[in-house]
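The file start23.cif contains mmCIF, C-alpha atoms:
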data_model
loop_
_atom_site.label_atom_id
_atom_site.label_comp_id
_atom_site.auth_asym_id
_atom_site.auth_seq_id
_atom_site.Cartn_x
_atom_site.Cartn_y
_atom_site.Cartn_z
CA MET A 183 87.18 125.86 152.88
CA PHE A 184 83.93 126.03 154.89
CA SER A 185 81.86 125.20 151.79
CA PHE A 186 84.18 122.33 150.91
CA VAL A 187 83.89 120.82 154.38
CA VAL A 188 80.09 121.22 154.41
CA LYS A 189 79.72 119.62 150.95
CA ARG A 190 82.35 116.90 151.17
CA ALA A 191 82.55 116.09 154.87
CA GLY A 192 79.15 117.23 156.14
CA PHE A 193 78.47 113.78 157.53
CA LEU A 194 81.09 114.49 160.22
CA LYS A 195 78.72 116.98 161.89
CA ASP A 196 76.83 114.04 163.37
CA ILE A 197 79.89 112.91 165.32
CA PRO A 198 79.72 114.57 168.74
CA LEU A 199 81.91 117.67 169.11
CA VAL A 200 83.43 117.50 165.59
CA ALA A 201 81.49 120.53 164.30
CA ILE A 202 82.25 122.53 167.45
CA ILE A 203 85.96 121.68 167.23
CA PHE A 204 85.99 122.63 163.53
CA ASP A 205 84.27 125.95 164.31
CA SER A 206 86.75 126.61 167.13
CA LEU A 207 89.63 126.06 164.71
CA MET A 208 87.93 128.39 162.25
CA ARG A 209 87.59 131.02 165.00
CA PHE A 210 91.31 130.72 165.75
CA TRP A 211 92.10 131.08 162.04
CA MET A 212 89.92 134.20 161.85
CA LEU A 213 91.70 135.61 164.91
CA VAL A 214 94.98 135.27 163.02
CA THR A 215 93.83 136.29 159.52
CA LYS A 216 90.82 138.60 160.00
CA PRO A 217 90.48 139.63 163.65
CA GLU A 218 87.95 142.37 162.86
CA LEU A 219 85.46 139.66 161.87
CA LEU A 220 85.35 138.46 165.46
CA ASP A 221 84.54 142.04 166.54
CA TRP A 222 81.68 142.11 164.05
CA ILE A 223 80.34 138.82 165.42
CA ASP A 224 80.57 140.29 168.94
CA GLU A 225 78.47 143.25 167.73
CA LEU A 226 75.80 140.85 166.47
CA GLU A 227 75.79 139.04 169.80
CA GLU A 228 75.44 142.34 171.69
CA ASP A 229 72.57 143.39 169.41
CA VAL A 230 70.71 140.13 169.99
CA THR A 231 71.20 140.17 173.77
CA ARG A 232 69.50 143.59 173.86
CA MET A 233 66.35 141.98 172.42
CA PRO A 234 63.93 141.01 175.23
CA GLU A 235 63.84 137.33 176.22
CA THR A 236 66.74 136.30 173.99
CA THR A 237 69.69 134.10 174.85
CA ILE A 238 72.82 133.06 173.04
CA GLY A 239 74.54 129.71 173.19
CA ILE A 240 76.68 127.24 171.28
CA HIS A 241 75.10 125.99 168.08
CA LYS A 242 75.12 122.22 167.64
CA TYR A 243 77.04 122.56 164.35
CA GLY A 244 79.45 125.18 165.66
CA GLY A 245 79.14 128.89 166.11
CA THR A 246 76.82 130.98 168.23
CA GLN A 247 73.10 130.33 168.32
CA PHE A 248 70.51 133.07 168.91
CA ASN A 249 67.29 132.07 170.67
CA TYR A 250 64.02 133.68 171.63
CA LYS A 251 62.44 131.88 174.61
CA GLY A 252 64.62 128.86 173.84
CA ARG A 253 63.68 128.76 170.13
CA GLU A 254 66.47 129.28 167.59
CA PHE A 255 65.97 132.09 165.10
CA ALA A 256 69.55 132.44 163.82
CA HIS A 257 73.16 131.40 164.30
CA VAL A 258 76.52 132.68 163.15
CA HIS A 259 79.55 130.56 162.31
CA SER A 260 83.04 131.75 163.16
CA ASN A 261 83.83 132.50 159.51
CA GLY A 262 81.12 135.20 159.50
CA LEU A 263 78.39 133.12 157.90
CA LEU A 264 75.09 134.15 159.46
CA ASP A 265 72.16 131.75 159.03
CA ILE A 266 68.73 133.20 159.70
CA LEU A 267 65.29 131.60 159.88
CA LEU A 268 62.65 133.54 158.00
CA ASN A 269 59.73 132.10 156.05
CA LYS A 270 59.75 131.22 152.37
CA GLN A 271 57.78 134.27 151.29
CA LEU A 272 59.96 136.74 153.19
CA LYS A 273 63.04 134.86 152.04
CA GLN A 274 62.05 135.25 148.39
CA SER A 275 61.39 138.98 148.69
CA LEU A 276 64.68 139.64 150.52
CA MET A 277 66.63 137.50 148.06
CA LEU A 278 65.54 139.88 145.28
CA GLU A 279 67.77 142.53 146.91
CA GLY A 280 70.72 140.24 146.17
CA LYS A 281 72.34 140.51 149.59
CA ILE A 282 71.26 137.18 151.06
CA LYS A 283 71.52 133.69 149.63
CA ASP A 284 69.68 130.47 150.02
CA HIS A 285 70.89 128.59 153.10
CA HIS A 286 74.11 126.76 152.36
CA VAL A 287 72.56 123.39 153.31
CA TYR A 288 68.75 123.72 153.63
CA LYS A 289 67.87 125.17 150.24
CA ASN A 290 64.13 124.48 150.21
CA SER A 291 63.32 126.08 153.56
CA GLY A 292 62.90 129.48 155.18
CA TRP A 293 66.58 129.57 156.16
CA VAL A 294 68.89 132.08 154.47
CA SER A 295 72.62 132.73 154.66
CA PHE A 296 74.35 136.09 154.80
CA HIS A 297 78.11 136.45 154.89
CA LEU A 298 79.85 139.24 156.81
CA HIS A 299 82.50 140.59 154.46
CA ASN A 300 82.97 144.09 155.84
CA LYS A 301 81.94 146.42 158.66
CA GLN A 302 78.95 147.71 156.65
CA ASP A 303 77.50 144.19 156.57
CA VAL A 304 77.00 144.27 160.34
CA SER A 305 74.12 146.74 160.16
CA TYR A 306 72.34 144.70 157.47
CA ALA A 307 72.92 141.54 159.54
CA CYS A 308 71.34 143.29 162.56
CA TYR A 309 68.40 144.28 160.35
CA LEU A 310 67.93 140.63 159.31
CA LEU A 311 68.25 139.44 162.90
CA ASN A 312 65.55 141.91 163.97
CA ILE A 313 63.23 140.62 161.25
CA ALA A 314 63.82 137.03 162.36
CA TYR A 315 63.37 137.96 166.01
CA ASP A 316 60.08 139.75 165.33
CA ARG A 317 58.86 136.83 163.25
CA THR A 318 59.76 134.32 165.97
CA LYS A 319 58.12 136.46 168.63
CA GLN A 320 54.84 136.38 166.72
CA LYS A 321 54.65 132.59 166.75
#
I'd like the structure from this file rewritten - as structure tokens, please.
Amino acid sequence: MFSFVVKRAGFLKDIPLVAIIFDSLMRFWMLVTKPELLDWIDELEEDVTRMPETTIGIHKYGGTQFNYKGREFAHVHSNGLLDILLNKQLKQSLMLEGKIKDHHVYKNSGWVSFHLHNKQDVSYACYLLNIAYDRTKQK
């Protein structure tokens, strides 16, 4: 459903609060259908807040945004879709592993998408977040 909405009704994200309301509804649906996913997202948030000078907040298109000194380096949507900012070279090398995909919207960029399907995915997601954090810190 998330992909359908992004592809067919993506223009709605520009209407104030629509994306945040949609993400909130998705979070409620996950609470009912896959409550462990929300625990996994909480683990990601805890991991990021342990990184020096990071903050979390609401992402403009719904979900939780991860920042280093006010600069976004990743965000996670309530359906477990984690979007991470890398660079194109790093993106290409990590994509060879087959675990991450091109960003669901910004294909020709350094953004990648990784979906949390199970508990084991949390550790790989934390690994990716650490890479993105380190890369952002170096800028």
### Query
From the list A:Gln271, A:Leu207, A:Gln247, A:Leu264, which residue is nearest Asn290 in chain A when using all atoms listed in the file?
A:Gln271
### Query
Closest to Lys321 in chain A among A:Ile223, A:Leu268, A:Glu218, A:Glu228, using all atoms listed in the file?
A:Leu268
### Task
Tell me which of A:Tyr315, A:Trp211, A:Phe204, A:Trp222 sits closest to Gly244 in chain A, counting all atoms listed in the file.
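That would be A:Phe204, the residue with the smallest distance to Gly244 in chain A.
Taking CA of Pro234 in chain A and CA of Ile313 in chain A as endpoints, the distance between them is 14.0 Å.
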### Separation of CA of Gln320 in chain A from CA of His259 in chain A in Å
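A separation of 25.8 Å between them.
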Within 12 Å of Asp221 in chain A, counting all atoms listed in the file, which residues show up once you throw out same-chain ones fewer than 3 positions away? Write them as a CSV table (one decimal) with C-alpha atoms, in the coordinates of the input, please.
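Saved as part.csv:
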chain,number,residue,atom,x,y,z
A,209,ARG,CA,87.6,131.0,165.0
A,212,MET,CA,89.9,134.2,161.8
A,213,LEU,CA,91.7,135.6,164.9
A,216,LYS,CA,90.8,138.6,160.0
A,217,PRO,CA,90.5,139.6,163.6
A,218,GLU,CA,88.0,142.4,162.9
A,224,ASP,CA,80.6,140.3,168.9
A,225,GLU,CA,78.5,143.2,167.7
A,226,LEU,CA,75.8,140.8,166.5
A,227,GLU,CA,75.8,139.0,169.8
A,228,GLU,CA,75.4,142.3,171.7
A,260,SER,CA,83.0,131.8,163.2
A,261,ASN,CA,83.8,132.5,159.5
A,262,GLY,CA,81.1,135.2,159.5
A,298,LEU,CA,79.8,139.2,156.8
A,300,ASN,CA,83.0,144.1,155.8
A,301,LYS,CA,81.9,146.4,158.7
A,304,VAL,CA,77.0,144.3,160.3
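Interatomic distance, CA of Val230 in chain A against CA of His257 in chain A: 10.7 Å.
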### Query
Of the residues A:Phe210, A:Tyr243, A:Tyr306, A:Trp293, which is the one nearest to Gln274 in chain A, using only C-alpha atoms?
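Answer, going by the shortest atom-to-atom distance: A:Trp293.
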#### Entry: Picked residues, the PyMOL selection byres ((chain A and resi 202) around 9), expected as a PyMOL selection string
chain A and resi 195+198-201+203-207+240-245
### Message
Ranking A:Lys270, A:His299, A:Arg317, A:Arg253 by minimum distance to His285 in chain A and counting only C-alpha atoms, which one comes first?
### Response
A:Lys270
### Task
Decode the PyMOL selection byres ((chain A and resi 267) around 8) for the given file into explicit residues and return them as a ChimeraX atom specification.
/A:255-256,265-266,268-269,292-294,314
Taking 5 positions as the minimum chain separation for residues in the same chain, which residues sit within 12 Å of Gly252 in chain A when counting all atoms listed in the file? Answer as a PDB file with C-alpha atoms, in the coordinates of the input.
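Full text of around.pdb as output:
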ATOM      1  CA  GLU A 235      63.840 137.330 176.220  1.00  0.00           C
ATOM      2  CA  THR A 236      66.740 136.300 173.990  1.00  0.00           C
ATOM      3  CA  THR A 237      69.690 134.100 174.850  1.00  0.00           C
ATOM      4  CA  ILE A 238      72.820 133.060 173.040  1.00  0.00           C
ATOM      5  CA  GLY A 239      74.540 129.710 173.190  1.00  0.00           C
ATOM      6  CA  GLN A 247      73.100 130.330 168.320  1.00  0.00           C
ATOM      7  CA  THR A 318      59.760 134.320 165.970  1.00  0.00           C
ATOM      8  CA  LYS A 319      58.120 136.460 168.630  1.00  0.00           C
TER       9      LYS A 319
END
